[in-house]
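A.B. asks: Dropping in start34.pdb, with PDB, C-alpha atoms.
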ATOM      1  CA  MET J 855      27.608  72.014  17.013  1.00  0.00           C
ATOM      2  CA  GLU J 856      24.069  73.194  17.736  1.00  0.00           C
ATOM      3  CA  THR J 857      23.011  76.843  17.827  1.00  0.00           C
ATOM      4  CA  LEU J 858      20.917  77.951  20.792  1.00  0.00           C
ATOM      5  CA  VAL J 859      18.676  80.990  20.389  1.00  0.00           C
ATOM      6  CA  ALA J 860      18.614  82.619  23.841  1.00  0.00           C
ATOM      7  CA  HIS J 861      15.150  84.182  23.689  1.00  0.00           C
ATOM      8  CA  ASP J 862      13.601  80.873  22.516  1.00  0.00           C
ATOM      9  CA  ALA J 863      15.284  78.959  25.344  1.00  0.00           C
ATOM     10  CA  ILE J 864      14.320  81.561  27.945  1.00  0.00           C
ATOM     11  CA  GLY J 865      10.725  81.580  26.715  1.00  0.00           C
ATOM     12  CA  ARG J 866      10.505  77.801  26.961  1.00  0.00           C
ATOM     13  CA  LEU J 867      12.034  77.799  30.453  1.00  0.00           C
ATOM     14  CA  MET J 868       9.570  80.471  31.603  1.00  0.00           C
ATOM     15  CA  LEU J 869       6.626  78.491  30.237  1.00  0.00           C
ATOM     16  CA  GLN J 870       7.840  75.274  31.897  1.00  0.00           C
ATOM     17  CA  CYS J 871       8.328  77.105  35.199  1.00  0.00           C
ATOM     18  CA  ALA J 872       4.800  78.509  35.008  1.00  0.00           C
ATOM     19  CA  ARG J 873       3.382  75.012  34.451  1.00  0.00           C
ATOM     20  CA  GLN J 874       5.504  73.201  37.053  1.00  0.00           C
ATOM     21  CA  PRO J 875       5.509  74.627  40.585  1.00  0.00           C
ATOM     22  CA  GLY J 876       9.014  74.543  42.064  1.00  0.00           C
ATOM     23  CA  LEU J 877      10.836  74.185  38.736  1.00  0.00           C
ATOM     24  CA  ALA J 878      12.117  77.782  38.870  1.00  0.00           C
ATOM     25  CA  HIS J 879      13.744  76.962  42.216  1.00  0.00           C
ATOM     26  CA  VAL J 880      15.488  73.926  40.669  1.00  0.00           C
ATOM     27  CA  TRP J 881      16.841  76.003  37.776  1.00  0.00           C
ATOM     28  CA  GLU J 882      17.967  78.717  40.181  1.00  0.00           C
ATOM     29  CA  ASN J 883      19.900  76.161  42.237  1.00  0.00           C
ATOM     30  CA  LEU J 884      21.508  74.541  39.196  1.00  0.00           C
ATOM     31  CA  LEU J 885      22.400  77.671  37.253  1.00  0.00           C
ATOM     32  CA  GLY J 886      22.879  80.250  40.027  1.00  0.00           C
ATOM     33  CA  PHE J 887      25.913  80.917  42.174  1.00  0.00           C
ATOM     34  CA  GLU J 888      24.294  79.549  45.335  1.00  0.00           C
ATOM     35  CA  GLY J 889      23.709  75.864  45.994  1.00  0.00           C
ATOM     36  CA  HIS J 890      24.947  72.959  43.884  1.00  0.00           C
ATOM     37  CA  GLU J 891      26.629  73.329  40.507  1.00  0.00           C
ATOM     38  CA  PHE J 892      27.813  71.239  37.561  1.00  0.00           C
ATOM     39  CA  TYR J 893      31.421  69.999  37.554  1.00  0.00           C
ATOM     40  CA  MET J 894      33.431  67.917  35.071  1.00  0.00           C
ATOM     41  CA  LYS J 895      36.596  66.062  35.932  1.00  0.00           C
ATOM     42  CA  ASN J 896      38.653  63.172  34.641  1.00  0.00           C
ATOM     43  CA  TRP J 897      38.941  60.301  37.138  1.00  0.00           C
ATOM     44  CA  PRO J 898      41.623  57.826  35.931  1.00  0.00           C
ATOM     45  CA  GLU J 899      40.554  55.249  38.519  1.00  0.00           C
ATOM     46  CA  LEU J 900      37.191  54.895  36.734  1.00  0.00           C
ATOM     47  CA  ARG J 901      38.722  54.006  33.359  1.00  0.00           C
ATOM     48  CA  GLY J 902      37.362  50.679  32.122  1.00  0.00           C
ATOM     49  CA  ARG J 903      34.325  50.744  34.407  1.00  0.00           C
ATOM     50  CA  THR J 904      30.807  51.102  33.064  1.00  0.00           C
ATOM     51  CA  PHE J 905      28.861  54.327  33.396  1.00  0.00           C
ATOM     52  CA  GLY J 906      26.365  52.405  35.543  1.00  0.00           C
ATOM     53  CA  GLU J 907      29.155  51.626  38.017  1.00  0.00           C
ATOM     54  CA  THR J 908      30.152  55.282  38.264  1.00  0.00           C
ATOM     55  CA  LEU J 909      26.665  56.146  39.528  1.00  0.00           C
ATOM     56  CA  TYR J 910      27.621  54.499  42.838  1.00  0.00           C
ATOM     57  CA  CYS J 911      31.119  55.994  43.097  1.00  0.00           C
ATOM     58  CA  PHE J 912      30.154  59.507  44.201  1.00  0.00           C
ATOM     59  CA  PRO J 913      28.108  59.467  47.424  1.00  0.00           C
ATOM     60  CA  GLU J 914      28.378  63.271  47.747  1.00  0.00           C
ATOM     61  CA  ALA J 915      27.426  64.071  44.126  1.00  0.00           C
ATOM     62  CA  VAL J 916      24.931  63.124  41.430  1.00  0.00           C
ATOM     63  CA  VAL J 917      26.432  61.710  38.233  1.00  0.00           C
ATOM     64  CA  CYS J 918      24.654  63.188  35.179  1.00  0.00           C
ATOM     65  CA  GLY J 919      26.789  62.288  32.177  1.00  0.00           C
ATOM     66  CA  ILE J 920      30.192  62.444  30.529  1.00  0.00           C
ATOM     67  CA  ARG J 921      32.271  64.658  28.267  1.00  0.00           C
ATOM     68  CA  THR J 922      34.154  62.552  25.742  1.00  0.00           C
ATOM     69  CA  ALA J 923      37.711  63.160  24.580  1.00  0.00           C
ATOM     70  CA  GLY J 924      36.212  64.812  21.484  1.00  0.00           C
ATOM     71  CA  GLY J 925      34.389  67.365  23.657  1.00  0.00           C
ATOM     72  CA  ARG J 926      30.903  65.917  23.221  1.00  0.00           C
ATOM     73  CA  VAL J 927      28.751  66.176  26.371  1.00  0.00           C
ATOM     74  CA  CYS J 928      26.370  63.249  26.810  1.00  0.00           C
ATOM     75  CA  LEU J 929      23.553  63.135  29.358  1.00  0.00           C
ATOM     76  CA  ASN J 930      21.537  60.043  30.272  1.00  0.00           C
ATOM     77  CA  VAL J 931      24.414  57.786  29.191  1.00  0.00           C
ATOM     78  CA  ASP J 932      23.741  54.079  28.686  1.00  0.00           C
ATOM     79  CA  ASP J 933      24.698  52.110  31.811  1.00  0.00           C
ATOM     80  CA  ASN J 934      26.904  49.790  29.719  1.00  0.00           C
ATOM     81  CA  TYR J 935      29.053  52.609  28.286  1.00  0.00           C
ATOM     82  CA  ILE J 936      32.724  51.957  29.155  1.00  0.00           C
ATOM     83  CA  ILE J 937      34.542  54.972  30.608  1.00  0.00           C
ATOM     84  CA  ASP J 938      37.536  55.918  28.459  1.00  0.00           C
ATOM     85  CA  GLU J 939      40.800  57.238  29.897  1.00  0.00           C
ATOM     86  CA  LYS J 940      40.077  60.748  28.552  1.00  0.00           C
ATOM     87  CA  ASP J 941      36.369  60.912  29.462  1.00  0.00           C
ATOM     88  CA  GLU J 942      35.320  63.430  32.088  1.00  0.00           C
ATOM     89  CA  ILE J 943      32.485  62.641  34.497  1.00  0.00           C
ATOM     90  CA  LEU J 944      29.766  65.316  34.751  1.00  0.00           C
ATOM     91  CA  VAL J 945      28.277  65.661  38.235  1.00  0.00           C
ATOM     92  CA  ILE J 946      26.122  67.999  40.282  1.00  0.00           C
ATOM     93  CA  ALA J 947      27.869  68.752  43.582  1.00  0.00           C
ATOM     94  CA  GLU J 948      28.021  71.389  46.284  1.00  0.00           C
ATOM     95  CA  ASP J 949      31.558  72.444  45.385  1.00  0.00           C
ATOM     96  CA  ASP J 950      34.427  71.126  43.251  1.00  0.00           C
ATOM     97  CA  ASP J 951      36.215  69.832  46.348  1.00  0.00           C
ATOM     98  CA  SER J 952      33.130  68.408  48.090  1.00  0.00           C
ATOM     99  CA  TYR J 953      33.137  65.042  46.305  1.00  0.00           C
ATOM    100  CA  GLU J 954      35.565  62.269  45.420  1.00  0.00           C
ATOM    101  CA  VAL J 955      35.525  58.747  44.029  1.00  0.00           C
ATOM    102  CA  LYS J 956      34.633  56.055  46.549  1.00  0.00           C
ATOM    103  CA  ILE J 957      34.599  52.558  45.121  1.00  0.00           C
ATOM    104  CA  MET J 958      31.636  50.706  46.610  1.00  0.00           C
ATOM    105  CA  VAL J 959      32.844  47.090  46.832  1.00  0.00           C
ATOM    106  CA  ARG J 960      29.515  45.647  47.989  1.00  0.00           C
ATOM    107  CA  HIS J 961      27.682  47.102  44.976  1.00  0.00           C
ATOM    108  CA  PHE J 962      30.259  45.743  42.525  1.00  0.00           C
ATOM    109  CA  LEU J 963      30.048  42.286  44.091  1.00  0.00           C
ATOM    110  CA  GLN J 964      26.270  42.232  43.713  1.00  0.00           C
ATOM    111  CA  VAL J 965      25.985  43.780  40.248  1.00  0.00           C
ATOM    112  CA  ASN J 966      29.151  42.423  38.645  1.00  0.00           C
ATOM    113  CA  ALA J 967      29.477  38.992  40.220  1.00  0.00           C
ATOM    114  CA  SER J 968      31.009  37.651  37.010  1.00  0.00           C
ATOM    115  CA  ARG J 969      34.034  39.929  37.512  1.00  0.00           C
ATOM    116  CA  VAL J 970      34.809  38.658  41.016  1.00  0.00           C
ATOM    117  CA  LEU J 971      34.043  34.944  40.815  1.00  0.00           C
ATOM    118  CA  HIS J 972      37.765  34.277  40.962  1.00  0.00           C
ATOM    119  CA  LEU J 973      37.926  35.651  44.534  1.00  0.00           C
ATOM    120  CA  PRO J 974      38.002  33.127  47.406  1.00  0.00           C
ATOM    121  CA  LYS J 975      34.642  32.535  49.121  1.00  0.00           C
ATOM    122  CA  VAL J 976      36.083  33.694  52.440  1.00  0.00           C
ATOM    123  CA  VAL J 977      36.808  37.167  51.052  1.00  0.00           C
ATOM    124  CA  ILE J 978      33.360  37.497  49.473  1.00  0.00           C
ATOM    125  CA  GLY J 979      31.647  36.251  52.626  1.00  0.00           C
ATOM    126  CA  SER J 980      33.520  38.655  54.893  1.00  0.00           C
ATOM    127  CA  ILE J 981      32.732  41.637  52.640  1.00  0.00           C
ATOM    128  CA  LEU J 982      29.023  40.857  52.459  1.00  0.00           C
ATOM    129  CA  HIS J 983      28.569  40.449  56.226  1.00  0.00           C
TER     130      HIS J 983
END
What is this file in structure tokens?
C.D. replies:
Amino acid sequence: METLVAHDAIGRLMLQCARQPGLAHVWENLLGFEGHEFYMKNWPELRGRTFGETLYCFPEAVVCGIRTAGGRVCLNVDDNYIIDEKDEILVIAEDDDSYEVKIMVRHFLQVNASRVLHLPKVVIGSILH
């Protein structure tokens, strides 16, 4: 566990916002009650997939990281990390009911061709066209 000193964090955020025009607006949208927010949820249908694959499974949200079964929150996760059955996916979305998993078959065929080589050519051809 890491201790966060509030006045140090606030001071750093204020300095960053002064140096970067528009950054205060980003923080306001992420941490305020208006706009998009962070959500974590377990998606059993993603178990066994890589984190890189999950990036394409939420068209209405932005995948940021995971929370492991042990409670550890990880941002900027390696694309090859395998999603565990108890992992929760961390996303930025408009509301908790504004996004859902959508498996993008075309992406998986292109990126993970080794997983689908056993499929008949007719099926692959009809999906890609």
A.B. asks: To one decimal place, how far is atom CA of J:Arg921 from atom CA of J:Met894 in Å?
C.D. replies: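 One can read the atom CA of J:Arg921 to atom CA of J:Met894 distance as 7.6 Å.
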A.B. asks: I'd like the residues picked by the PyMOL selection byres ((chain J and resi 927-930) around 12) written out as an NGL selection string, using the chain letters and numbers from the file.
C.D. replies: :J and (855 or 894 or 905-906 or 909 or 917-926 or 931-935 or 941-945)
A.B. asks: Quick one: pull the distance between atom CA of J:Glu948 and atom CA of J:Ala915, Å, one decimal.
C.D. replies: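 According to the coordinates, atom CA of J:Glu948 and atom CA of J:Ala915 are separated by 7.7 Å.
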A.B. asks: By how many Å are atom CA of J:Tyr893 and atom CA of J:Thr908 apart?
C.D. replies: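 So the answer is 14.8 Å.
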A.B. asks: Excluding J:Trp881 and residues on its chain fewer than 3 positions from it, collect all residues at most 12 Å away from it, counting only C-alpha atoms, and give them as a list of chain:residue names.
C.D. replies: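 Selected residues are J:Ile864, J:Leu867, J:Met868, J:Gln870, J:Cys871, J:Gln874, J:Pro875, J:Gly876, J:Leu877, J:Ala878, J:Leu884, J:Leu885, J:Gly886, J:Phe887, J:Glu888, J:Gly889, J:His890, J:Glu891, J:Phe892.
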A.B. asks: Please produce a file of the residues just selected, as a PDB file, keeping the file's coordinate frame, where the atoms kept are C-alpha atoms.
C.D. replies:
ATOM      1  CA  ILE J 864      14.320  81.561  27.945  1.00  0.00           C
ATOM      2  CA  LEU J 867      12.034  77.799  30.453  1.00  0.00           C
ATOM      3  CA  MET J 868       9.570  80.471  31.603  1.00  0.00           C
ATOM      4  CA  GLN J 870       7.840  75.274  31.897  1.00  0.00           C
ATOM      5  CA  CYS J 871       8.328  77.105  35.199  1.00  0.00           C
ATOM      6  CA  GLN J 874       5.504  73.201  37.053  1.00  0.00           C
ATOM      7  CA  PRO J 875       5.509  74.627  40.585  1.00  0.00           C
ATOM      8  CA  GLY J 876       9.014  74.543  42.064  1.00  0.00           C
ATOM      9  CA  LEU J 877      10.836  74.185  38.736  1.00  0.00           C
ATOM     10  CA  ALA J 878      12.117  77.782  38.870  1.00  0.00           C
ATOM     11  CA  LEU J 884      21.508  74.541  39.196  1.00  0.00           C
ATOM     12  CA  LEU J 885      22.400  77.671  37.253  1.00  0.00           C
ATOM     13  CA  GLY J 886      22.879  80.250  40.027  1.00  0.00           C
ATOM     14  CA  PHE J 887      25.913  80.917  42.174  1.00  0.00           C
ATOM     15  CA  GLU J 888      24.294  79.549  45.335  1.00  0.00           C
ATOM     16  CA  GLY J 889      23.709  75.864  45.994  1.00  0.00           C
ATOM     17  CA  HIS J 890      24.947  72.959  43.884  1.00  0.00           C
ATOM     18  CA  GLU J 891      26.629  73.329  40.507  1.00  0.00           C
ATOM     19  CA  PHE J 892      27.813  71.239  37.561  1.00  0.00           C
TER      20      PHE J 892
END
A.B. asks: Of the candidates J:Val916, J:Leu900, J:Ala860, J:Val955, which shows the shortest atom-to-atom distance to J:Glu939, using all atoms listed in the file?
C.D. replies: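 Closest candidate: J:Leu900.
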A.B. asks: Identify the residues around (41.0, 56.6, 37.4) within a radius of 10 Å, measuring from all atoms listed in the file in the coordinates stated by the file, and give them as a PDB file with C-alpha atoms, keeping the file's coordinate frame.
C.D. replies:
ATOM      1  CA  ASN J 896      38.653  63.172  34.641  1.00  0.00           C
ATOM      2  CA  TRP J 897      38.941  60.301  37.138  1.00  0.00           C
ATOM      3  CA  PRO J 898      41.623  57.826  35.931  1.00  0.00           C
ATOM      4  CA  GLU J 899      40.554  55.249  38.519  1.00  0.00           C
ATOM      5  CA  LEU J 900      37.191  54.895  36.734  1.00  0.00           C
ATOM      6  CA  ARG J 901      38.722  54.006  33.359  1.00  0.00           C
ATOM      7  CA  GLY J 902      37.362  50.679  32.122  1.00  0.00           C
ATOM      8  CA  ARG J 903      34.325  50.744  34.407  1.00  0.00           C
ATOM      9  CA  ILE J 937      34.542  54.972  30.608  1.00  0.00           C
ATOM     10  CA  ASP J 938      37.536  55.918  28.459  1.00  0.00           C
ATOM     11  CA  GLU J 939      40.800  57.238  29.897  1.00  0.00           C
ATOM     12  CA  LYS J 940      40.077  60.748  28.552  1.00  0.00           C
ATOM     13  CA  VAL J 955      35.525  58.747  44.029  1.00  0.00           C
TER      14      VAL J 955
END
A.B. asks: Would you please work out which residue, of J:Ala872, J:Ile957, J:Ile936, J:Val880, is nearest to J:Thr904 when using all atoms listed in the file?
C.D. replies: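 Of J:Ala872, J:Ile957, J:Ile936, J:Val880, the one nearest J:Thr904, counting all atoms listed in the file, is J:Ile936.
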A.B. asks: Which of these residues is nearest to J:Glu907, using all atoms listed in the file: J:Lys895, J:His879, J:Arg873, J:Lys956?
C.D. replies: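 Selected residue with least distance to J:Glu907: J:Lys956.
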A.B. asks: Go ahead and fit an axis-aligned box to every listed atom of stretch 936-949 of chain J plus 6 Å each side, and pass me the centre and edge lengths in Å, one decimal, as JSON.
C.D. replies:
{"center_x": 33.5, "center_y": 62.2, "center_z": 37.4, "size_x": 26.7, "size_y": 32.5, "size_z": 29.8}
